[in-house]
Amino acid sequence: PSADGPRLQDLLDPAAAFEPAVNTGFEFWVPDASGAAPEVAASLERANEAAIPTVKIASADSAYWCETPEKNHLRWVMEIPEEQLLDALARLLA
């Protein structure tokens with residue numbers, strides 16, 4: 001990558017609201033997914049089959065329920081510093 005381009009922090013507005021979008025597949029990466037070449041369509045199909053189904057939890061900010069055949073889990077983005085969060089979780093476990 002070139003160091004001559006703009007920095008990410010110069011492109012983003014840290015004061016702006018951030019609302020992630022949860023897509024049901026990878027078609028958003030391809031401008032015309034419905035008219036894509038067969039090899040592109042096959043790649044999208046493989047990617048969609050490998051993706052973990054994820055649903056936003058309405059009652060909690062930044063929390064997502066992920067369903068897998070082996071073990072369902074919760075992805076939750078916390079604003080607490082990582083070390084403090086891990087310490088609190090370890091105390092809960094103990």
# chains A, B, ... in the order shown; residues from 1 in each chain; ligands from 1
$ select_by_dssp --residues "chain A" --states "alpha helix (DSSP H)" --output "list in words"
Leu8, Gln9, Asp10, Leu11, Pro38, Glu39, Val40, Ala41, Ala42, Ser43, Leu44, Glu45, Arg46, Ala47, Asn48, Glu49, Ala50, Glu82, Glu83, Gln84, Leu85, Leu86, Asp87, Ala88, Leu89, Ala90, Arg91, Leu92 and Leu93 of chain A
$ select_by_dssp --residues "chain A" --states "strand (DSSP E or B)" --output "ChimeraX atom specification"
/A:54-56,63-66,73-76
$ atom_distance --atom1 "CA of Ser62 in chain A" --atom2 "CA of Glu79 in chain A"
9.5 Å
$ residues_around --residues "Arg75 in chain A" --least-positions-apart "5" --cutoff "12 Å" --atoms "only C-alpha atoms" --output "ChimeraX atom specification"
/A:52-57,60-67
$ closest_residue --among "A:Phe26, A:Asp13, A:Lys71, A:Arg91" --to "Arg46 in chain A" --atoms "only C-alpha atoms"
A:Phe26
